[in-house]
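Engineer: This one is final_36.txt, compact mmCIF, C-alpha atoms.
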```
# COMPACT_ATOMS: atom_id res chain seq x y z
CA MET Q 127 85.15 -36.32 146.19
CA LYS Q 128 84.65 -37.59 142.65
CA TYR Q 129 84.52 -35.00 139.90
CA HIS Q 130 82.19 -35.76 136.98
CA CYS Q 131 81.88 -33.99 133.62
CA PRO Q 132 78.73 -35.44 132.01
CA LYS Q 133 77.98 -34.48 128.41
CA THR Q 134 74.18 -34.62 128.73
CA PHE Q 135 71.65 -33.69 131.40
CA ALA Q 136 70.32 -37.25 131.36
CA ASP Q 137 73.79 -38.49 132.28
CA ALA Q 138 74.08 -35.85 135.00
CA ALA Q 139 70.72 -36.93 136.44
CA GLN Q 140 71.77 -40.57 136.31
CA ILE Q 141 75.03 -39.91 138.16
CA ALA Q 142 73.05 -38.04 140.82
CA ALA Q 143 70.37 -40.74 141.03
CA ASP Q 144 72.96 -43.50 141.40
CA ALA Q 145 74.98 -41.64 144.01
CA THR Q 146 74.86 -42.98 147.54
CA GLY Q 147 76.45 -39.97 149.22
CA VAL Q 148 76.18 -36.18 149.05
CA ILE Q 149 76.11 -34.73 145.55
CA ARG Q 150 76.40 -31.19 144.29
CA TYR Q 151 75.93 -29.81 140.81
CA LEU Q 152 78.55 -27.32 139.72
CA ALA Q 153 77.76 -24.39 137.43
CA GLY Q 154 79.22 -21.14 138.75
CA GLY Q 155 80.20 -22.66 142.09
CA THR Q 156 79.95 -19.37 143.97
CA ASP Q 157 77.73 -20.92 146.62
CA VAL Q 158 78.95 -24.52 146.51
CA LEU Q 159 82.64 -23.74 146.98
CA VAL Q 160 81.89 -21.40 149.87
CA GLN Q 161 79.79 -24.09 151.55
CA MET Q 162 82.57 -26.63 151.03
CA ARG Q 163 85.12 -24.25 152.48
CA ALA Q 164 82.91 -23.59 155.51
CA GLY Q 165 82.47 -27.33 156.04
CA MET Q 166 78.70 -27.02 155.57
CA VAL Q 167 78.75 -29.46 152.66
CA THR Q 168 81.26 -32.17 151.80
CA PRO Q 169 80.17 -33.59 148.47
CA ASP Q 170 81.09 -37.16 147.56
CA ASP Q 171 80.23 -36.46 143.94
CA MET Q 172 80.65 -33.12 142.20
CA ILE Q 173 78.83 -32.97 138.89
CA ASP Q 174 80.17 -30.18 136.67
CA LEU Q 175 77.46 -29.17 134.18
CA LYS Q 176 79.61 -26.91 132.04
CA HIS Q 177 80.58 -29.63 129.55
CA ILE Q 178 76.96 -30.13 128.46
CA PRO Q 179 76.24 -28.44 125.11
CA GLY Q 180 74.13 -25.28 125.34
CA VAL Q 181 74.65 -24.45 129.00
CA LYS Q 182 76.38 -21.16 128.16
CA GLU Q 183 73.82 -20.07 125.55
CA ILE Q 184 71.28 -17.25 125.57
CA VAL Q 185 68.85 -17.92 122.74
CA GLN Q 186 65.81 -15.99 121.57
CA ASN Q 187 63.31 -18.47 120.19
CA ALA Q 188 61.13 -17.94 117.11
CA ASP Q 189 58.15 -16.91 119.30
CA GLY Q 190 60.22 -14.22 121.05
CA SER Q 191 60.72 -16.19 124.25
CA TRP Q 192 64.20 -16.64 125.69
CA THR Q 193 66.06 -19.80 126.66
CA ILE Q 194 68.87 -19.26 129.13
CA GLY Q 195 71.46 -21.97 129.76
CA VAL Q 196 72.19 -23.06 133.31
CA ALA Q 197 75.82 -21.90 133.31
CA VAL Q 198 75.26 -18.42 131.87
CA ALA Q 199 77.02 -16.09 134.30
CA GLY Q 200 75.81 -12.67 135.42
CA ALA Q 201 78.50 -10.92 133.37
CA GLU Q 202 77.35 -12.80 130.25
CA LEU Q 203 73.65 -12.11 130.76
CA GLY Q 204 74.42 -8.44 131.45
CA ALA Q 205 76.41 -8.20 128.22
CA HIS Q 206 73.52 -9.51 126.10
CA ALA Q 207 71.88 -6.40 124.64
CA GLY Q 208 68.75 -8.18 123.40
CA PHE Q 209 67.90 -9.87 126.68
CA CYS Q 210 68.75 -6.73 128.67
CA ALA Q 211 66.29 -4.76 126.53
CA ASP Q 212 63.50 -7.28 127.14
CA TYR Q 213 64.05 -8.12 130.82
CA PRO Q 214 66.17 -5.47 132.50
CA GLY Q 215 64.61 -6.46 135.85
CA ILE Q 216 65.99 -10.00 135.69
CA VAL Q 217 69.40 -8.68 134.65
CA GLU Q 218 69.55 -6.06 137.41
CA GLY Q 219 68.54 -8.70 139.95
CA LEU Q 220 71.27 -11.13 138.92
CA GLU Q 221 73.85 -8.35 138.62
CA LEU Q 222 73.24 -7.35 142.24
CA VAL Q 223 74.64 -10.70 143.39
CA GLY Q 224 78.20 -10.30 144.67
CA SER Q 225 81.21 -8.59 143.17
CA THR Q 226 82.55 -8.31 139.63
CA GLN Q 227 84.49 -11.51 140.32
CA VAL Q 228 81.37 -13.34 141.48
CA GLN Q 229 79.51 -12.03 138.43
CA GLY Q 230 82.06 -13.82 136.27
CA ARG Q 231 80.70 -17.13 137.53
CA ALA Q 232 77.36 -16.78 139.35
CA THR Q 233 74.25 -18.06 137.54
CA LEU Q 234 70.47 -17.67 137.66
CA THR Q 235 70.20 -21.42 138.26
CA GLY Q 236 72.53 -21.38 141.24
CA ASN Q 237 70.82 -18.35 142.73
CA LEU Q 238 67.49 -20.18 142.47
CA CYS Q 239 68.65 -23.61 143.65
CA ASN Q 240 70.66 -22.21 146.56
CA GLY Q 241 67.20 -21.53 147.94
CA SER Q 242 67.81 -18.23 149.69
CA PRO Q 243 64.60 -16.25 150.33
CA ALA Q 244 66.72 -13.15 149.64
CA ALA Q 245 68.07 -14.35 146.26
CA ASP Q 246 68.15 -11.22 144.11
CA SER Q 247 67.50 -12.77 140.70
CA VAL Q 248 64.56 -14.93 141.75
CA PRO Q 249 61.76 -12.34 142.25
CA ALA Q 250 62.18 -10.97 138.72
CA MET Q 251 62.33 -14.49 137.26
CA ILE Q 252 59.08 -15.33 139.02
CA ALA Q 253 57.46 -12.02 138.06
CA ALA Q 254 58.39 -12.73 134.44
CA GLY Q 255 56.68 -16.12 134.60
CA ALA Q 256 59.91 -18.00 133.92
CA VAL Q 257 59.75 -21.77 133.56
CA ALA Q 258 62.49 -24.19 134.62
CA HIS Q 259 63.07 -27.24 132.46
CA VAL Q 260 63.86 -30.06 134.87
CA VAL Q 261 65.59 -33.30 133.92
CA GLY Q 262 65.54 -36.28 136.23
CA PRO Q 263 66.16 -40.02 136.19
CA ASN Q 264 62.50 -40.53 135.26
CA GLY Q 265 62.41 -38.01 132.43
CA ALA Q 266 61.85 -34.33 131.97
CA ARG Q 267 59.23 -31.92 133.31
CA ASP Q 268 58.61 -28.20 133.24
CA VAL Q 269 58.15 -26.37 136.53
CA ALA Q 270 57.28 -22.71 137.10
CA VAL Q 271 60.27 -21.02 138.75
CA ALA Q 272 57.80 -19.90 141.44
CA ASP Q 273 57.34 -23.57 142.41
CA ILE Q 274 61.05 -24.41 142.76
CA PRO Q 275 61.83 -22.87 146.19
CA VAL Q 276 59.94 -24.46 149.09
CA GLY Q 277 61.86 -23.05 152.05
CA PRO Q 278 65.21 -21.60 153.03
CA GLY Q 279 67.81 -23.78 151.26
CA LYS Q 280 65.14 -26.18 150.01
CA THR Q 281 63.74 -26.76 146.54
CA SER Q 282 61.00 -28.97 145.10
CA LEU Q 283 63.54 -30.86 142.97
CA THR Q 284 63.72 -34.55 143.88
CA LYS Q 285 66.76 -36.84 144.03
CA GLY Q 286 68.61 -36.81 140.73
CA GLU Q 287 66.64 -33.90 139.30
CA LEU Q 288 68.34 -30.81 138.00
CA ILE Q 289 67.44 -27.75 135.96
CA SER Q 290 68.57 -27.95 132.33
CA ALA Q 291 67.50 -24.44 131.19
CA PHE Q 292 65.02 -21.64 131.79
CA THR Q 293 62.47 -20.30 129.36
CA ILE Q 294 61.33 -16.74 129.85
CA PRO Q 295 58.16 -15.75 127.96
CA ALA Q 296 58.24 -13.42 124.99
CA ARG Q 297 58.35 -9.80 126.11
CA GLY Q 298 55.73 -8.68 123.59
CA ALA Q 299 54.81 -5.07 122.93
CA GLN Q 300 54.45 -2.62 125.82
CA GLY Q 301 55.96 -4.74 128.55
CA GLY Q 302 58.50 -3.92 131.23
CA ASP Q 303 59.97 -5.22 134.45
CA ALA Q 304 62.11 -3.97 137.31
CA TYR Q 305 63.78 -5.25 140.46
CA LEU Q 306 64.63 -3.14 143.47
CA ARG Q 307 66.08 -4.15 146.80
CA PHE Q 308 66.86 -2.41 150.02
CA THR Q 309 70.35 -2.83 151.46
CA PRO Q 310 72.18 -0.55 153.90
CA ARG Q 311 75.08 -0.42 151.46
CA THR Q 312 75.08 0.21 147.71
CA GLU Q 313 76.99 -2.93 146.78
CA MET Q 314 78.09 -6.35 148.05
CA ASP Q 315 75.18 -6.91 150.38
CA ILE Q 316 72.19 -9.19 150.87
CA ALA Q 317 68.66 -7.90 150.34
CA VAL Q 318 66.73 -6.80 153.42
CA VAL Q 319 63.71 -6.71 151.12
CA GLY Q 320 63.59 -7.31 147.36
CA CYS Q 321 60.72 -6.60 144.98
CA ALA Q 322 60.17 -7.35 141.30
CA VAL Q 323 57.32 -6.13 139.18
CA ASN Q 324 56.62 -7.29 135.64
CA LEU Q 325 53.76 -5.76 133.71
CA THR Q 326 52.28 -5.14 130.28
CA LEU Q 327 50.27 -2.16 129.18
CA ASP Q 328 47.27 -1.57 126.97
CA GLY Q 329 47.73 2.08 126.08
CA ASP Q 330 48.20 3.84 129.41
CA ARG Q 331 46.53 1.14 131.47
CA VAL Q 332 48.16 -1.85 133.07
CA ALA Q 333 46.89 -4.93 131.23
CA SER Q 334 48.68 -7.59 133.25
CA ALA Q 335 51.05 -7.56 136.19
CA ARG Q 336 52.95 -9.82 138.54
CA VAL Q 337 54.54 -8.74 141.79
CA ALA Q 338 57.10 -10.93 143.58
CA MET Q 339 58.76 -10.17 146.90
CA GLY Q 340 62.02 -11.49 148.30
CA ALA Q 341 63.38 -11.69 151.87
CA VAL Q 342 59.95 -11.22 153.48
CA ALA Q 343 58.93 -14.88 153.83
CA PRO Q 344 60.60 -18.34 153.84
CA THR Q 345 60.55 -18.25 150.03
CA VAL Q 346 60.17 -15.59 147.39
CA ILE Q 347 56.42 -14.98 147.22
CA VAL Q 348 54.03 -13.93 144.47
CA MET Q 349 51.44 -11.32 145.41
CA ASP Q 350 48.46 -11.75 143.12
CA GLN Q 351 46.25 -9.35 145.07
CA ALA Q 352 48.87 -6.65 144.85
CA ALA Q 353 49.06 -7.13 141.10
CA ASP Q 354 45.25 -6.99 140.89
CA ALA Q 355 45.34 -3.59 142.59
CA ILE Q 356 47.22 -2.05 139.66
CA ILE Q 357 45.72 -4.01 136.75
CA GLY Q 358 43.33 -1.77 134.82
CA THR Q 359 44.80 1.41 136.31
CA THR Q 360 47.19 3.99 134.90
CA LEU Q 361 49.35 3.39 137.97
CA ASP Q 362 47.91 6.52 139.57
CA PRO Q 363 49.00 7.36 143.14
CA GLN Q 364 45.86 5.83 144.61
CA ALA Q 365 46.40 2.52 142.83
CA LEU Q 366 50.02 2.50 143.96
CA ASP Q 367 49.01 3.20 147.57
CA THR Q 368 46.44 0.41 147.48
CA MET Q 369 49.07 -1.97 146.13
CA ALA Q 370 51.59 -0.93 148.79
CA THR Q 371 49.03 -1.48 151.55
CA ILE Q 372 48.25 -4.97 150.22
CA VAL Q 373 51.95 -5.83 149.92
CA SER Q 374 52.76 -4.64 153.43
CA GLY Q 375 49.73 -6.52 154.75
CA ALA Q 376 50.67 -9.78 153.07
CA VAL Q 377 54.41 -10.10 153.78
CA LYS Q 378 55.54 -12.36 156.63
CA PRO Q 379 59.08 -11.24 157.40
CA ILE Q 380 61.27 -12.18 160.33
CA SER Q 381 63.47 -9.87 162.36
CA ASP Q 382 67.15 -10.57 161.97
CA LYS Q 383 70.47 -8.75 161.88
CA ARG Q 384 69.59 -7.23 158.52
CA GLY Q 385 66.32 -5.65 159.56
CA THR Q 386 63.29 -5.89 161.80
CA ALA Q 387 60.00 -7.38 160.66
CA GLU Q 388 58.35 -3.95 161.10
CA PHE Q 389 60.93 -2.25 158.88
CA ARG Q 390 60.69 -4.95 156.23
CA THR Q 391 56.90 -4.71 156.23
CA ASP Q 392 57.02 -0.98 155.62
CA ILE Q 393 59.81 -1.08 153.04
CA ALA Q 394 58.10 -3.88 151.06
CA GLY Q 395 55.25 -1.54 150.12
CA VAL Q 396 57.60 1.31 149.26
CA LEU Q 397 59.75 -0.86 147.01
CA ALA Q 398 56.70 -2.32 145.29
CA LYS Q 399 55.50 1.18 144.37
CA ARG Q 400 58.90 2.22 143.06
CA ALA Q 401 59.50 -0.99 141.11
CA ALA Q 402 56.03 -0.76 139.55
CA LYS Q 403 56.74 2.78 138.39
CA ILE Q 404 60.05 1.78 136.81
CA ALA Q 405 58.44 -1.23 135.09
CA TYR Q 406 55.65 1.04 133.84
CA ASP Q 407 58.10 3.59 132.44
CA ARG Q 408 60.06 0.82 130.77
CA ALA Q 409 56.90 -0.60 129.24
CA LYS Q 410 56.13 2.88 127.95
CA GLY Q 411 59.60 3.07 126.50
CA THR Q 412 60.30 6.26 128.44
CA LYS Q 413 63.12 4.71 130.47
CA MET W 164 91.64 -40.02 146.37
CA SER W 165 92.74 -40.02 142.74
CA LYS W 166 94.12 -36.80 141.34
CA ILE W 167 93.22 -35.48 137.95
CA HIS W 168 95.78 -34.43 135.36
CA ILE W 169 95.07 -30.90 134.16
CA THR W 170 96.64 -29.15 131.18
CA THR W 171 95.98 -25.46 130.82
CA LYS W 172 97.59 -22.15 129.90
CA VAL W 173 98.79 -19.74 132.58
CA ASN W 174 100.12 -16.38 131.41
CA GLY W 175 100.45 -17.76 127.90
CA GLU W 176 102.48 -20.78 128.89
CA GLU W 177 101.19 -24.31 128.77
CA VAL W 178 101.33 -25.90 132.22
CA GLU W 179 100.19 -29.17 133.74
CA PHE W 180 99.50 -30.23 137.27
CA LEU W 181 97.78 -32.93 139.27
CA ALA W 182 94.70 -31.62 141.04
CA ASP W 183 92.84 -33.15 143.92
CA PRO W 184 89.22 -32.54 142.83
CA ARG W 185 88.63 -30.60 146.07
CA ASP W 186 91.47 -28.16 145.42
CA THR W 187 90.53 -24.70 144.27
CA LEU W 188 92.23 -23.06 141.33
CA LEU W 189 93.91 -20.85 143.94
CA ASP W 190 95.36 -23.92 145.71
CA CYS W 191 96.64 -25.25 142.38
CA LEU W 192 98.21 -21.95 141.32
CA ARG W 193 99.99 -21.49 144.63
CA ASP W 194 100.85 -25.05 145.68
CA GLN W 195 101.24 -26.91 142.38
CA LEU W 196 102.52 -24.18 140.07
CA GLU W 197 104.25 -22.12 142.78
CA LEU W 198 102.64 -18.94 141.49
CA THR W 199 102.26 -17.36 144.91
CA GLY W 200 101.54 -13.83 143.67
CA THR W 201 97.84 -14.69 143.79
CA LYS W 202 96.89 -14.36 147.45
CA GLU W 203 94.54 -16.26 149.68
CA GLY W 204 92.49 -13.82 151.73
CA CYS W 205 89.05 -15.03 152.77
CA SER W 206 88.64 -18.12 150.56
CA THR W 207 84.95 -17.34 150.29
CA GLY W 208 84.84 -14.90 147.39
CA ASP W 209 84.49 -11.78 149.50
CA CYS W 210 87.91 -10.13 149.40
CA GLY W 211 89.20 -10.47 145.83
CA ALA W 212 92.83 -11.08 146.84
CA CYS W 213 92.81 -14.24 144.69
CA SER W 214 91.52 -12.50 141.54
CA VAL W 215 92.67 -13.94 138.22
CA THR W 216 91.15 -13.96 134.75
CA VAL W 217 89.95 -17.17 133.13
CA ASP W 218 89.37 -16.88 129.39
CA GLY W 219 89.33 -13.12 129.92
CA THR W 220 86.70 -13.14 132.68
CA LEU W 221 87.61 -11.84 136.11
CA VAL W 222 86.97 -14.47 138.79
CA CYS W 223 87.98 -15.35 142.32
CA SER W 224 90.33 -18.31 141.97
CA CYS W 225 89.12 -19.50 145.40
CA LEU W 226 85.62 -19.98 143.94
CA MET W 227 86.71 -22.24 141.11
CA LEU W 228 88.01 -25.78 141.29
CA GLY W 229 91.43 -26.52 139.88
CA VAL W 230 89.93 -29.34 137.82
CA GLU W 231 87.74 -26.79 136.03
CA ALA W 232 90.87 -25.16 134.61
CA GLN W 233 91.40 -27.75 131.84
CA ASP W 234 92.07 -26.03 128.48
CA LYS W 235 91.57 -22.49 129.79
CA GLN W 236 93.61 -19.33 129.41
CA ILE W 237 94.45 -18.08 132.88
CA GLU W 238 96.12 -14.77 133.60
CA THR W 239 97.65 -14.03 136.99
CA ILE W 240 99.66 -11.17 138.46
CA GLU W 241 102.87 -12.93 137.40
CA GLY W 242 101.95 -12.30 133.76
CA MET W 243 101.34 -8.59 134.18
CA ALA W 244 104.84 -7.15 133.77
CA GLU W 245 106.25 -7.85 130.33
CA ASP W 246 109.96 -8.33 129.60
CA GLY W 247 110.88 -6.83 132.94
CA GLU W 248 108.76 -3.71 132.29
CA LEU W 249 106.04 -2.99 134.82
CA HIS W 250 102.51 -2.63 133.50
CA PRO W 251 101.28 1.00 133.65
CA LEU W 252 98.91 0.01 136.46
CA GLN W 253 101.79 -1.41 138.49
CA ARG W 254 103.87 1.74 137.92
CA LYS W 255 100.99 4.01 138.89
CA PHE W 256 100.33 2.02 142.07
CA ILE W 257 103.93 2.71 143.08
CA GLU W 258 103.79 6.39 142.03
CA HIS W 259 100.57 6.99 143.95
CA ALA W 260 101.63 4.82 146.89
CA ALA W 261 98.39 2.93 146.35
CA LEU W 262 99.43 0.14 148.68
CA GLN W 263 100.67 -0.37 152.18
CA CYS W 264 100.95 -3.99 153.20
CA GLY W 265 100.44 -5.06 149.59
CA PHE W 266 98.45 -8.21 150.25
CA CYS W 267 95.40 -7.07 148.28
CA THR W 268 97.49 -5.46 145.52
CA PRO W 269 97.91 -8.39 143.09
CA GLY W 270 94.16 -8.99 143.09
CA ILE W 271 93.38 -5.32 142.62
CA LEU W 272 95.87 -4.99 139.77
CA VAL W 273 94.43 -8.02 137.98
CA ALA W 274 90.89 -6.72 138.52
CA ALA W 275 91.81 -3.20 137.35
CA LYS W 276 93.49 -4.58 134.24
CA ALA W 277 90.31 -6.52 133.43
CA LEU W 278 88.29 -3.32 133.85
CA LEU W 279 90.52 -1.30 131.51
CA ALA W 280 90.41 -4.06 128.90
CA LYS W 281 86.62 -3.72 128.92
CA ASN W 282 86.36 0.00 129.50
CA PRO W 283 89.48 2.07 128.77
CA ASP W 284 87.85 5.28 130.03
CA PRO W 285 85.98 4.49 133.25
CA ASN W 286 84.76 7.24 135.54
CA GLU W 287 85.47 7.13 139.25
CA THR W 288 82.12 5.55 140.11
CA GLU W 289 82.68 2.78 137.56
CA VAL W 290 86.13 2.06 139.00
CA ARG W 291 84.77 1.97 142.55
CA TYR W 292 81.93 -0.39 141.66
CA TRP W 293 84.16 -2.65 139.57
CA LEU W 294 86.62 -2.94 142.46
CA ALA W 295 83.95 -3.32 145.16
CA GLY W 296 84.91 -6.98 145.47
CA ASN W 297 88.54 -6.18 146.23
CA LEU W 298 88.99 -5.36 149.88
CA CYS W 299 91.93 -3.32 151.16
CA ARG W 300 92.27 -2.80 154.90
CA CYS W 301 95.18 -0.33 154.69
CA THR W 302 94.72 2.42 152.15
CA GLY W 303 91.14 3.61 152.40
CA TYR W 304 90.91 3.03 148.63
CA ASP W 305 91.41 6.64 147.56
CA LYS W 306 94.93 6.20 146.26
CA ILE W 307 93.98 2.94 144.58
CA ILE W 308 91.19 4.63 142.66
CA ARG W 309 93.46 7.53 141.69
CA ALA W 310 96.19 5.16 140.52
CA VAL W 311 93.72 3.23 138.35
CA MET W 312 92.30 6.44 136.85
CA ASP W 313 95.79 7.75 136.16
CA ALA W 314 96.94 4.49 134.59
CA ALA W 315 93.82 4.45 132.43
CA ALA W 316 94.55 7.98 131.26
CA GLU W 317 98.15 7.08 130.43
CA MET W 318 97.10 3.95 128.57
CA ARG W 319 94.64 6.00 126.51
CA GLY W 320 97.48 8.37 125.72
CA ALA W 321 95.61 11.16 127.49
CA ALA W 322 98.12 11.84 130.24
```
Could the structure of this file be written out as structure tokens, please?
Structural biologist:
Amino acid sequence: MKYHCPKTFADAAQIAADATGVIRYLAGGTDVLVQMRAGMVTPDDMIDLKHIPGVKEIVQNADGSWTIGVAVAGAELGAHAGFCADYPGIVEGLELVGSTQVQGRATLTGNLCNGSPAADSVPAMIAAGAVAHVVGPNGARDVAVADIPVGPGKTSLTKGELISAFTIPARGAQGGDAYLRFTPRTEMDIAVVGCAVNLTLDGDRVASARVAMGAVAPTVIVMDQAADAIIGTTLDPQALDTMATIVSGAVKPISDKRGTAEFRTDIAGVLAKRAAKIAYDRAKGTK
Amino acid sequence: MSKIHITTKVNGEEVEFLADPRDTLLDCLRDQLELTGTKEGCSTGDCGACSVTVDGTLVCSCLMLGVEAQDKQIETIEGMAEDGELHPLQRKFIEHAALQCGFCTPGILVAAKALLAKNPDPNETEVRYWLAGNLCRCTGYDKIIRAVMDAAAEMRGAA
């Protein structure tokens, strides 16, 4: 295995594009090193991204949006008061991944590109409308985070492409988000179902909303109809019930050792209601 | 396969070693630097036996490559006692008998020290969550938690 420390994303993309064997990008390494250890992946080229300027930065842009570097670890994102205030849902999603030790290294980028349908930080990123900046051998493009995962362990990134940063839209006034997951244990577990809700309010009414579900389909999925069920409402019990019914009707979970399809279907609606309420309270500033 | 020359600081001392790019930091600490206090448990980031701090951040040394250690400040269990004096956490682990086989103990001590550096007055829930990534198959955790709480109290001057 050759170990590379490129200084720019263009160089990283070029190394990957020129490679003839298996390549892996290294940010936190909490998935890659486990896969290497298990013999699932034997990279010929390991491309460490942490020597590229800016990869550890969390920056609020002039328009209020946030740019998050690809090597920002969970512990670093969780320690950033400004970002935590704007997007507590993204932070609580990422912070649910692994132990304190894993939090010292694990990144949003790795959680996304690992391609797990149960990735805890991905639903809230998608609900927030996050955009991935992608660099490849043929230049750069912006891709909605929602369009990155295409199946378990698979992303829409092509050979040589890699994510160089995320931009998360400005929070604006009266906005809030939340992520909830169901696990049999309180810690160190993988989501049976995960749900993120991001919304904005106009007075007491929901002005805009996005609902994203994890671990109930081959990828994290966006539920536009569920969001439509709460837009324009004050999140009254009837609106919440309608949303939960839509969510449970739209999920396509499998049965596995973590839970049955029936259980996941039921829990998906319950979590959506609870996450929406938390996001609403946060948007109101009451939580 | 060509090895890479790495210079870094471990427990305040400058060290150098030759790392195969596939070697983890844990491999390098144990096999190159002969610092065998850091233990290899699962090698997949689940058990925490290999916990060390890198630039002050608690990590599993099995989930980091040795070649990533260039120009870092690494702290391991070997750096915990100073001038022959046990760290309060180490003393309290003995007092409370917070270990049996002792295999998980270095990792738990390093992790607990990192917690107290960040939060000198943690409550029991905070200690339990912080140490959730350190598995112990002997003690049932209770004595470990009590030892950490007691050490924290002593270090705050409250005991």
Engineer: So which residues touch Leu234 in chain Q within 8 Å, counting all atoms listed in the file, skipping near sequence neighbours fewer than 4 positions away, as a count of residues only?
Structural biologist: 8
Engineer: If you measure from CA of Glu388 in chain Q to CA of Ala352 in chain Q, what distance in Å do you get, rounded to one decimal?
Structural biologist: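 These atoms are spaced 19.0 Å apart.
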Engineer: Give the answer as one residue: which of W:Thr302, W:Gln263, W:Ser224, W:Thr239 has the shortest atom-to-atom distance to chain Q, using all atoms listed in the file?
Structural biologist: W:Ser224
Engineer: Smallest atom-to-atom distance to Leu249 in chain W: which of W:Leu272, W:Phe180, W:Glu287, W:Gly200, using only C-alpha atoms?
Structural biologist: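 Using only C-alpha atoms, the shortest distance to Leu249 in chain W belongs to W:Leu272.
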Engineer: Axis-aligned box over every listed atom of range 262-265 of chain W, padded by 3 Å per side: centre and edges in Å to one decimal, as lines of an AutoDock Vina configuration file?
Structural biologist:
```
center_x = 100.2
center_y = -2.5
center_z = 150.9
size_x = 7.5
size_y = 11.2
size_z = 10.5
```
Engineer: Measuring between only C-alpha atoms, which one of W:Leu262, W:Ala314, W:Cys225, W:Leu196 shows the shortest distance to chain Q?
Structural biologist: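 Nearest candidate to chain Q out of W:Leu262, W:Ala314, W:Cys225, W:Leu196: W:Cys225.
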Engineer: What separation in Å, quoted to one decimal, exists between CA of Gly255 in chain Q and CA of Gly358 in chain Q?
Structural biologist: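 According to the coordinates, CA of Gly255 in chain Q and CA of Gly358 in chain Q are separated by 19.6 Å.
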Engineer: Taking only C-alpha atoms into account, what are the residues of chain W at most 6 Å from chain Q, put as an mmCIF file with C-alpha atoms, in the coordinates of the input?
Structural biologist:
```cif
data_model
loop_
_atom_site.group_PDB
_atom_site.id
_atom_site.type_symbol
_atom_site.label_atom_id
_atom_site.label_comp_id
_atom_site.auth_asym_id
_atom_site.auth_seq_id
_atom_site.Cartn_x
_atom_site.Cartn_y
_atom_site.Cartn_z
ATOM 1 C CA THR W 207 84.950 -17.340 150.290
ATOM 2 C CA THR W 220 86.700 -13.140 132.680
ATOM 3 C CA LEU W 221 87.610 -11.840 136.110
ATOM 4 C CA VAL W 222 86.970 -14.470 138.790
ATOM 5 C CA CYS W 223 87.980 -15.350 142.320
ATOM 6 C CA LEU W 226 85.620 -19.980 143.940
ATOM 7 C CA TRP W 293 84.160 -2.650 139.570
ATOM 8 C CA GLY W 296 84.910 -6.980 145.470
#
```
Engineer: Any idea what the distance is between CA of Gly241 in chain Q and CA of Val346 in chain Q?
Structural biologist: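 Going from CA of Gly241 in chain Q over to CA of Val346 in chain Q, I get 9.2 Å.
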Engineer: Near Asp273 in chain Q, counting all atoms listed in the file, which residues have an atom at most 12 Å away, once you skip same-chain residues fewer than 4 positions from it, shown as a PyMOL selection string?
Structural biologist: chain Q and resi 238-239+241+248+251-252+255-258+260+268-269+277+280-283+345-348
Engineer: List every protein, DNA or RNA residue that has at least one atom no more than 8 Å from (86.7, -20.9, 127.9) in the file's coordinates, counting all atoms listed in the file, and write the result as a PyMOL selection string.
Structural biologist: chain W and resi 217-218+234-236
Engineer: Kindly indicate which residue among Q:Asn324, Q:Ala353, Q:Lys399, Q:Arg311 lies nearest to Tyr292 in chain W, using all atoms listed in the file for the distances.
Structural biologist: Q:Arg311
Engineer: Tell me which protein, DNA and RNA residues are within 6 Å of Ser191 in chain Q, counting only C-alpha atoms, leaving out same-chain ones fewer than 3 positions away, and put them as a list in words.
Structural biologist: Gln186, Asn187, Ile294, Pro295 and Ala296 of chain Q
Engineer: Just want the 10 Å neighbourhood of Val377 in chain Q, counted on all atoms listed in the file, with same-chain residues fewer than 3 positions away dropped. Output as a list in words.
Structural biologist: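 Once the nearby chain positions are removed, what remains is Met339, Gly340, Ala341, Val342, Ala343, Ile347, Met349, Ile372, Val373, Ser374, Ile380, Ala387, Arg390, Thr391, Asp392, Ala394 and Gly395 of chain Q.
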Engineer: Once you have the residues from the selection above, write them out as a CSV table (one decimal), in the coordinates of the input, restricted to C-alpha atoms.
Structural biologist:
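Result written to part-v7.csv:
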```csv
chain,number,residue,atom,x,y,z
Q,339,MET,CA,58.8,-10.2,146.9
Q,340,GLY,CA,62.0,-11.5,148.3
Q,341,ALA,CA,63.4,-11.7,151.9
Q,342,VAL,CA,60.0,-11.2,153.5
Q,343,ALA,CA,58.9,-14.9,153.8
Q,347,ILE,CA,56.4,-15.0,147.2
Q,349,MET,CA,51.4,-11.3,145.4
Q,372,ILE,CA,48.2,-5.0,150.2
Q,373,VAL,CA,52.0,-5.8,149.9
Q,374,SER,CA,52.8,-4.6,153.4
Q,380,ILE,CA,61.3,-12.2,160.3
Q,387,ALA,CA,60.0,-7.4,160.7
Q,390,ARG,CA,60.7,-5.0,156.2
Q,391,THR,CA,56.9,-4.7,156.2
Q,392,ASP,CA,57.0,-1.0,155.6
Q,394,ALA,CA,58.1,-3.9,151.1
Q,395,GLY,CA,55.2,-1.5,150.1
```
Engineer: Which is closest to Gly279 in chain Q among Q:Pro243, Q:Pro179, Q:Gly375, Q:Gly236, if we use only C-alpha atoms?
Structural biologist: Q:Pro243
Engineer: Considering all atoms listed in the file, can you say which of W:Val173, W:Ala275, W:Ala280, W:Leu188 comes closest to Ile237 in chain W?
Structural biologist: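 Of all the options, W:Val173 lies closest to Ile237 in chain W.
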Engineer: Please provide the set of residues having any atom within 8 Å of Ala212 in chain W, restricted to only C-alpha atoms, with same-chain residues fewer than 3 positions apart removed, written as an MDAnalysis selection string.
Structural biologist: chainID W and resid 201:204 223 266:271 297:298
